[in-house]
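Student: Following this line is start-v9.pdb, made up of PDB, C-alpha atoms:
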```pdb
ATOM      1  CA  MET A   3      27.364   5.302   6.266
ATOM      2  CA  ARG A   4      24.769   7.898   7.252
ATOM      3  CA  ILE A   5      22.296   9.066   4.600
ATOM      4  CA  LEU A   6      19.308  11.380   4.833
ATOM      5  CA  ALA A   7      16.881  10.573   1.983
ATOM      6  CA  LEU A   8      13.984  12.746   0.807
ATOM      7  CA  ASP A   9      11.110  12.073  -1.585
ATOM      8  CA  GLY A  10       8.311  14.327  -2.799
ATOM      9  CA  SER A  11       7.811  12.922  -6.280
ATOM     10  CA  LEU A  12       4.212  11.668  -6.074
ATOM     11  CA  ALA A  13       1.237  11.894  -3.702
ATOM     12  CA  ARG A  14       3.129  11.949  -0.413
ATOM     13  CA  ALA A  15       6.248  13.264   1.236
ATOM     14  CA  SER A  16       8.699  10.948   2.954
ATOM     15  CA  ALA A  17      12.066  11.232   4.647
ATOM     16  CA  ALA A  18      14.320   8.538   6.061
ATOM     17  CA  LEU A  19      17.539   8.291   7.998
ATOM     18  CA  TRP A  20      19.727   5.401   6.831
ATOM     19  CA  ILE A  21      22.646   4.345   9.040
ATOM     20  CA  ASP A  22      25.008   1.470   8.258
ATOM     21  CA  GLY A  23      22.663  -0.486   6.013
ATOM     22  CA  ALA A  24      19.276   0.065   7.623
ATOM     23  CA  VAL A  25      16.582   2.696   8.014
ATOM     24  CA  VAL A  26      16.641   3.828  11.639
ATOM     25  CA  ALA A  27      13.980   6.560  11.394
ATOM     26  CA  ARG A  28      11.277   7.472   8.905
ATOM     27  CA  ARG A  29       8.658  10.190   8.472
ATOM     28  CA  VAL A  30       5.714  10.053   6.000
ATOM     29  CA  VAL A  31       2.899  12.502   5.220
ATOM     30  CA  ALA A  32       0.311  11.608   2.569
ATOM     31  CA  GLY A  33      -1.192  14.087   0.120
ATOM     32  CA  ASP A  34      -0.727  15.615  -3.324
ATOM     33  CA  ARG A  35       0.517  19.043  -2.188
ATOM     34  CA  VAL A  36       2.042  18.445   1.231
ATOM     35  CA  GLN A  37       5.702  18.532   0.177
ATOM     36  CA  PRO A  38       6.488  22.251   0.654
ATOM     37  CA  THR A  39       5.256  22.248   4.250
ATOM     38  CA  ALA A  40       5.944  18.655   5.340
ATOM     39  CA  LEU A  41       9.401  17.929   3.945
ATOM     40  CA  PRO A  42      11.345  20.683   5.769
ATOM     41  CA  LEU A  43       9.855  19.673   9.130
ATOM     42  CA  MET A  44      10.563  15.978   8.552
ATOM     43  CA  ALA A  45      14.101  16.672   7.398
ATOM     44  CA  GLU A  46      14.819  18.859  10.413
ATOM     45  CA  ALA A  47      13.532  16.165  12.790
ATOM     46  CA  LEU A  48      15.727  13.500  11.220
ATOM     47  CA  LEU A  49      18.743  15.793  11.110
ATOM     48  CA  ALA A  50      18.324  16.289  14.851
ATOM     49  CA  GLU A  51      18.207  12.505  15.363
ATOM     50  CA  ALA A  52      21.392  12.183  13.311
ATOM     51  CA  GLU A  53      22.994  15.003  15.331
ATOM     52  CA  ARG A  54      23.535  16.672  11.941
ATOM     53  CA  ARG A  55      26.204  14.107  11.104
ATOM     54  CA  LEU A  56      25.713  12.746   7.601
ATOM     55  CA  ASP A  57      27.820  11.284   4.817
ATOM     56  CA  ALA A  58      25.321  12.097   2.052
ATOM     57  CA  VAL A  59      21.860  13.351   1.201
ATOM     58  CA  ALA A  60      19.754  11.390  -1.297
ATOM     59  CA  VAL A  61      16.718  12.684  -3.150
ATOM     60  CA  VAL A  62      14.200  11.196  -5.587
ATOM     61  CA  VAL A  63      14.563  13.198  -8.805
ATOM     62  CA  GLY A  64      11.557  11.990 -10.840
ATOM     63  CA  PRO A  65       9.594  11.433 -12.918
ATOM     64  CA  GLY A  66       6.771  12.932 -10.884
ATOM     65  CA  SER A  67       5.115  16.116  -9.703
ATOM     66  CA  PHE A  68       6.863  19.335 -10.726
ATOM     67  CA  THR A  69       6.262  21.053  -7.381
ATOM     68  CA  GLY A  70       7.054  17.982  -5.285
ATOM     69  CA  LEU A  71      10.277  17.271  -7.143
ATOM     70  CA  ARG A  72      11.514  20.851  -7.018
ATOM     71  CA  THR A  73      10.719  21.119  -3.312
ATOM     72  CA  ALA A  74      12.569  17.924  -2.391
ATOM     73  CA  ILE A  75      15.546  18.640  -4.634
ATOM     74  CA  ALA A  76      15.985  22.224  -3.432
ATOM     75  CA  LEU A  77      15.791  21.100   0.198
ATOM     76  CA  ALA A  78      18.258  18.260  -0.382
ATOM     77  CA  GLU A  79      20.673  20.621  -2.157
ATOM     78  CA  GLY A  80      20.527  23.089   0.718
ATOM     79  CA  ILE A  81      21.163  20.435   3.375
ATOM     80  CA  ALA A  82      24.022  18.843   1.433
ATOM     81  CA  LEU A  83      25.652  22.221   0.819
ATOM     82  CA  GLY A  84      25.208  23.307   4.416
ATOM     83  CA  LEU A  85      26.778  20.140   5.801
ATOM     84  CA  GLY A  86      29.382  19.779   3.064
ATOM     85  CA  VAL A  87      28.307  16.268   2.079
ATOM     86  CA  GLU A  88      27.569  14.519  -1.205
ATOM     87  CA  LEU A  89      24.199  14.811  -2.930
ATOM     88  CA  VAL A  90      22.871  11.696  -4.708
ATOM     89  CA  GLY A  91      19.944  11.392  -7.114
ATOM     90  CA  VAL A  92      17.629   8.368  -7.294
ATOM     91  CA  THR A  93      14.860   8.009  -9.878
ATOM     92  CA  THR A  94      11.257   7.320  -8.965
ATOM     93  CA  GLY A  95      11.440   3.930 -10.668
ATOM     94  CA  GLU A  96      14.634   2.969  -8.865
ATOM     95  CA  ALA A  97      13.035   3.775  -5.501
ATOM     96  CA  LEU A  98       9.839   1.879  -6.375
ATOM     97  CA  ALA A  99      11.819  -1.181  -7.497
ATOM     98  CA  ALA A 100      14.101  -1.141  -4.453
ATOM     99  CA  ALA A 101      11.051  -1.468  -2.195
ATOM    100  CA  LEU A 102      10.066  -4.802  -3.763
ATOM    101  CA  PRO A 103      11.015  -8.200  -2.287
ATOM    102  CA  GLU A 104      14.217  -9.681  -3.692
ATOM    103  CA  ASP A 105      12.455 -12.742  -5.115
ATOM    104  CA  ILE A 106      10.215 -10.515  -7.244
ATOM    105  CA  ARG A 107      12.985  -8.156  -8.339
ATOM    106  CA  GLY A 108      15.264 -11.046  -9.199
ATOM    107  CA  ALA A 109      12.757 -12.932 -11.336
ATOM    108  CA  ARG A 110      10.914 -10.134 -13.153
ATOM    109  CA  GLU A 111      11.632  -6.928 -14.982
ATOM    110  CA  VAL A 112      10.157  -4.075 -12.971
ATOM    111  CA  TRP A 113       7.920  -1.619 -14.780
ATOM    112  CA  ALA A 114       7.630   1.575 -12.749
ATOM    113  CA  VAL A 115       4.682   3.499 -14.151
ATOM    114  CA  VAL A 116       3.707   7.056 -13.177
ATOM    115  CA  ASP A 117       0.444   8.695 -14.191
ATOM    116  CA  THR A 118       1.283  11.942 -16.052
ATOM    117  CA  ARG A 119      -2.335  13.120 -15.578
ATOM    118  CA  ARG A 120      -2.528  13.753 -19.322
ATOM    119  CA  GLY A 121      -3.908  10.388 -20.410
ATOM    120  CA  ARG A 122      -0.387   8.984 -20.587
ATOM    121  CA  VAL A 123       1.984   7.060 -18.349
ATOM    122  CA  SER A 124       5.715   7.414 -17.824
ATOM    123  CA  LEU A 125       7.458   4.038 -17.859
ATOM    124  CA  GLU A 126      10.843   3.227 -16.324
ATOM    125  CA  ARG A 127      12.135  -0.307 -16.875
ATOM    126  CA  ILE A 128      14.494  -2.016 -14.417
ATOM    127  CA  ALA A 129      15.995  -5.321 -15.557
ATOM    128  CA  PRO A 130      15.652  -8.395 -13.309
ATOM    129  CA  GLY A 131      18.058  -8.102 -10.400
ATOM    130  CA  ALA A 132      19.233  -4.629 -11.464
ATOM    131  CA  TRP A 133      19.201  -1.412  -9.449
ATOM    132  CA  ILE A 134      19.252   1.242 -12.162
ATOM    133  CA  ALA A 135      16.408   2.258 -14.453
ATOM    134  CA  ALA A 136      16.434   2.866 -18.178
ATOM    135  CA  PRO A 137      15.452   6.427 -19.189
ATOM    136  CA  PRO A 138      11.695   6.957 -18.891
ATOM    137  CA  ALA A 139       9.443   6.662 -21.935
ATOM    138  CA  VAL A 140       5.923   8.025 -22.217
ATOM    139  CA  PHE A 141       3.025   6.057 -23.690
ATOM    140  CA  ALA A 142      -0.655   6.655 -24.166
ATOM    141  CA  GLU A 143      -2.555   4.277 -21.909
ATOM    142  CA  ARG A 144      -3.833   2.276 -24.899
ATOM    143  CA  GLU A 145      -0.413   2.098 -26.564
ATOM    144  CA  LEU A 146       1.637   0.407 -23.852
ATOM    145  CA  PRO A 147       4.122  -2.095 -25.310
ATOM    146  CA  MET A 148       3.897  -5.821 -24.711
ATOM    147  CA  PRO A 149       6.586  -6.935 -22.227
ATOM    148  CA  ALA A 150       9.152  -9.416 -23.502
ATOM    149  CA  GLY A 151       8.875 -11.557 -20.341
ATOM    150  CA  PRO A 152       7.430 -11.559 -16.832
ATOM    151  CA  VAL A 153       7.067  -8.108 -15.308
ATOM    152  CA  ALA A 154       6.277  -6.649 -11.893
ATOM    153  CA  ILE A 155       4.242  -3.451 -12.053
ATOM    154  CA  ALA A 156       4.884  -0.635  -9.546
ATOM    155  CA  GLY A 157       3.906   3.027  -9.332
ATOM    156  CA  ASP A 158       0.732   5.062  -9.004
ATOM    157  CA  ALA A 159      -0.477   3.933 -12.459
ATOM    158  CA  ALA A 160       0.192   0.260 -11.659
ATOM    159  CA  PRO A 161      -3.444  -0.937 -11.316
ATOM    160  CA  MET A 162      -4.420   0.422 -14.739
ATOM    161  CA  VAL A 163      -1.258  -0.795 -16.468
ATOM    162  CA  ALA A 164      -1.454  -4.264 -14.898
ATOM    163  CA  ALA A 165      -5.110  -4.574 -15.958
ATOM    164  CA  ARG A 166      -4.282  -3.681 -19.548
ATOM    165  CA  LEU A 167      -1.349  -6.096 -19.709
ATOM    166  CA  LEU A 168      -3.288  -8.940 -18.114
ATOM    167  CA  ALA A 169      -6.076  -8.396 -20.636
ATOM    168  CA  ARG A 170      -3.456  -9.065 -23.324
ATOM    169  CA  ASP A 171      -2.318 -12.262 -21.537
ATOM    170  CA  ALA A 172       1.000 -10.795 -20.408
ATOM    171  CA  ASP A 173       2.738 -12.286 -17.364
ATOM    172  CA  ALA A 174       2.215  -9.175 -15.233
ATOM    173  CA  LEU A 175       2.280  -9.017 -11.424
ATOM    174  CA  LEU A 176       0.610  -6.057  -9.708
ATOM    175  CA  THR A 177       2.742  -5.102  -6.696
ATOM    176  CA  ASP A 178       2.021  -3.044  -3.581
ATOM    177  CA  SER A 179       4.848  -0.594  -4.378
ATOM    178  CA  ARG A 180       2.728   2.370  -5.508
ATOM    179  CA  LEU A 181       4.515   5.437  -4.091
ATOM    180  CA  PRO A 182       8.279   5.862  -3.642
ATOM    181  CA  ASP A 183       9.679   5.501  -0.141
ATOM    182  CA  ALA A 184      12.646   7.529   1.059
ATOM    183  CA  GLY A 185      14.069   4.499   2.852
ATOM    184  CA  ALA A 186      14.145   2.513  -0.396
ATOM    185  CA  ALA A 187      15.720   5.497  -2.134
ATOM    186  CA  ALA A 188      18.450   5.523   0.514
ATOM    187  CA  SER A 189      19.296   1.899  -0.270
ATOM    188  CA  VAL A 190      19.845   2.816  -3.929
ATOM    189  CA  ALA A 191      21.890   5.865  -2.951
ATOM    190  CA  ALA A 192      24.090   3.718  -0.701
ATOM    191  CA  ARG A 193      24.945   1.530  -3.678
ATOM    192  CA  ARG A 194      25.786   4.615  -5.736
ATOM    193  CA  LEU A 195      28.057   5.929  -3.000
ATOM    194  CA  ALA A 196      29.792   2.555  -2.758
ATOM    195  CA  GLY A 197      30.424   2.527  -6.522
ATOM    196  CA  ALA A 198      28.254  -0.545  -7.111
ATOM    197  CA  ILE A 199      26.049   1.306  -9.613
ATOM    198  CA  PRO A 200      26.683   4.430 -11.710
ATOM    199  CA  PRO A 201      26.320   7.865 -10.080
ATOM    200  CA  ARG A 202      23.362  10.148 -10.751
ATOM    201  CA  SER A 203      23.074  13.853 -10.115
ATOM    202  CA  ALA A 204      20.131  15.504  -8.381
ATOM    203  CA  ALA A 205      18.938  17.221 -11.574
ATOM    204  CA  PRO A 206      15.167  16.758 -11.955
ATOM    205  CA  LEU A 207      14.126  13.998 -14.343
ATOM    206  CA  TYR A 208      11.016  14.865 -16.324
ATOM    207  CA  SER A 209       9.436  12.408 -18.749
ATOM    208  CA  GLU A 210       7.435  15.274 -20.282
ATOM    209  CA  PRO A 211       7.800  19.077 -20.127
ATOM    210  CA  PRO A 212       6.321  20.383 -16.852
ATOM    211  CA  ALA A 213       2.708  21.515 -17.194
ATOM    212  CA  VAL A 214       3.281  25.018 -15.852
ATOM    213  CA  ARG A 215       2.213  28.353 -17.287
ATOM    214  CA  LEU A 216       4.660  31.224 -17.342
ATOM    215  CA  PRO A 217       3.496  34.708 -16.247
ATOM    216  CA  GLY A 218       2.304  36.967 -19.049
TER     217      GLY A 218
END
```
Kindly return the structure encoded in the file as structure tokens.

Tutor:
Amino acid sequence: MRILALDGSLARASAALWIDGAVVARRVVAGDRVQPTALPLMAEALLAEAERRLDAVAVVVGPGSFTGLRTAIALAEGIALGLGVELVGVTTGEALAAALPEDIRGAREVWAVVDTRRGRVSLERIAPGAWIAAPPAVFAERELPMPAGPVAIAGDAAPMVAARLLARDADALLTDSRLPDAGAAASVAARRLAGAIPPRSAAPLYSEPPAVRLPG
């Protein structure tokens, strides 16, 4: 199986080429607003490496940055349509969780937390050993719920969330999975394509209405 995966959801852009169960090429550019310029170049480079032969295109659909998500999704849609292959959506939380070691994912619920930049965090929960995330919920930083058991915290808001939970004596593990990786997203997409987990479209997933102002 040959999958091109794209991510622009948070503060970097990444692309990965997944072939037969492993990432064979990856491109990453860090920055809050790099997606519109970086993602097309990275995708074109990986398409050339794949000789434009793909079985699917995967894209991280959110929660995350409005501009980054729309850029990645539009690019993924165009490539999939142009090559006549399937388009697969992966949530930010699913990609963050997939990047964690199996022993952590198997023993703890994963909390994928994204800073909404409005004094709130978007929380996706992934059950121990699972690959799919529950729908995101938004909480004020001071109103985060108490986890029912041990949790692993991932995402760009992970340091703050882990500190708050630890202060309440929760069994919370701060992980190094802070930004989604296209290679991890490809591993989730491969499971979707194989029918191991439910399908997901590439429609953007927003935990809150986008903070954009319409003309006029």

Student: Pick out the residues sitting within 10 Å of segment 21-31 of chain A, and hand them over as a PDB file with C-alpha atoms, keeping the file's coordinate frame; count only C-alpha atoms, and ignore anything fewer than 4 positions along from it in its own chain.

Tutor:
```pdb
ATOM      1  CA  MET A   3      27.364   5.302   6.266  1.00  0.00           C
ATOM      2  CA  ARG A   4      24.769   7.898   7.252  1.00  0.00           C
ATOM      3  CA  ILE A   5      22.296   9.066   4.600  1.00  0.00           C
ATOM      4  CA  LEU A   6      19.308  11.380   4.833  1.00  0.00           C
ATOM      5  CA  ALA A   7      16.881  10.573   1.983  1.00  0.00           C
ATOM      6  CA  LEU A   8      13.984  12.746   0.807  1.00  0.00           C
ATOM      7  CA  ASP A   9      11.110  12.073  -1.585  1.00  0.00           C
ATOM      8  CA  GLY A  10       8.311  14.327  -2.799  1.00  0.00           C
ATOM      9  CA  ALA A  13       1.237  11.894  -3.702  1.00  0.00           C
ATOM     10  CA  ARG A  14       3.129  11.949  -0.413  1.00  0.00           C
ATOM     11  CA  ALA A  15       6.248  13.264   1.236  1.00  0.00           C
ATOM     12  CA  SER A  16       8.699  10.948   2.954  1.00  0.00           C
ATOM     13  CA  ALA A  17      12.066  11.232   4.647  1.00  0.00           C
ATOM     14  CA  VAL A  36       2.042  18.445   1.231  1.00  0.00           C
ATOM     15  CA  GLN A  37       5.702  18.532   0.177  1.00  0.00           C
ATOM     16  CA  ALA A  40       5.944  18.655   5.340  1.00  0.00           C
ATOM     17  CA  LEU A  41       9.401  17.929   3.945  1.00  0.00           C
ATOM     18  CA  LEU A  43       9.855  19.673   9.130  1.00  0.00           C
ATOM     19  CA  MET A  44      10.563  15.978   8.552  1.00  0.00           C
ATOM     20  CA  ALA A  45      14.101  16.672   7.398  1.00  0.00           C
ATOM     21  CA  ALA A  47      13.532  16.165  12.790  1.00  0.00           C
ATOM     22  CA  LEU A  48      15.727  13.500  11.220  1.00  0.00           C
ATOM     23  CA  GLU A  51      18.207  12.505  15.363  1.00  0.00           C
ATOM     24  CA  ALA A  52      21.392  12.183  13.311  1.00  0.00           C
ATOM     25  CA  LEU A  56      25.713  12.746   7.601  1.00  0.00           C
ATOM     26  CA  ASP A  57      27.820  11.284   4.817  1.00  0.00           C
ATOM     27  CA  ASP A 183       9.679   5.501  -0.141  1.00  0.00           C
ATOM     28  CA  ALA A 184      12.646   7.529   1.059  1.00  0.00           C
ATOM     29  CA  GLY A 185      14.069   4.499   2.852  1.00  0.00           C
ATOM     30  CA  ALA A 186      14.145   2.513  -0.396  1.00  0.00           C
ATOM     31  CA  ALA A 188      18.450   5.523   0.514  1.00  0.00           C
ATOM     32  CA  SER A 189      19.296   1.899  -0.270  1.00  0.00           C
ATOM     33  CA  ALA A 192      24.090   3.718  -0.701  1.00  0.00           C
TER      34      ALA A 192
END
```

Student: If we count all atoms listed in the file and set the cut-off at 10 Å, which residues sit around Glu145 of chain A, ignoring sequence neighbours fewer than 4 positions away in its own chain? Please answer as a compact mmCIF listing (two decimals) with C-alpha atoms, in the frame of the given file.

Tutor:
```txt
# COMPACT_ATOMS: atom_id res chain seq x y z
CA ARG A 122 -0.39 8.98 -20.59
CA VAL A 123 1.98 7.06 -18.35
CA VAL A 140 5.92 8.02 -22.22
CA PHE A 141 3.02 6.06 -23.69
CA ARG A 166 -4.28 -3.68 -19.55
```

Student: Go through the shown structure with the PyMOL selection byres ((chain A and resi 93-98) around 6) and write out the matching residues as a ChimeraX atom specification.

Tutor: /A:62-65,92,99-101,114,126,134-135,179,182,186-187

Student: Between A:Val163, A:Leu83, A:Ala154, A:Val61, single out the one closest to Trp113 of chain A, counting only C-alpha atoms.

Tutor: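 Using only C-alpha atoms, Trp113 of chain A sits closest to A:Ala154.
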
Student: Would you please work out which residue, of A:Ile75, A:Leu12, A:Ala132, A:Ala198, is nearest to Gly157 of chain A when using all atoms listed in the file?

Tutor: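 Of the candidates, the smallest distance to Gly157 of chain A is held by A:Leu12.
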
Student: Kindly give the distance, in Å, that separates atom CA of Ser124 of chain A and atom CA of Asp34 of chain A, rounded to a single decimal.

Tutor: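 These two atoms are separated by 17.9 Å.
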
Student: Mind pulling up the distance from atom CA of Gly131 of chain A to atom CA of Glu104 of chain A?

Tutor: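 Computed distance, atom CA of Glu104 of chain A to atom CA of Gly131 of chain A, equals 7.9 Å.
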
Student: Pick from A:Ser209, A:Ser11, A:Thr39, A:Thr73: nearest to Pro138 of chain A, with all atoms listed in the file counted?

Tutor: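 Under the stated criterion, the closest residue is A:Ser209.
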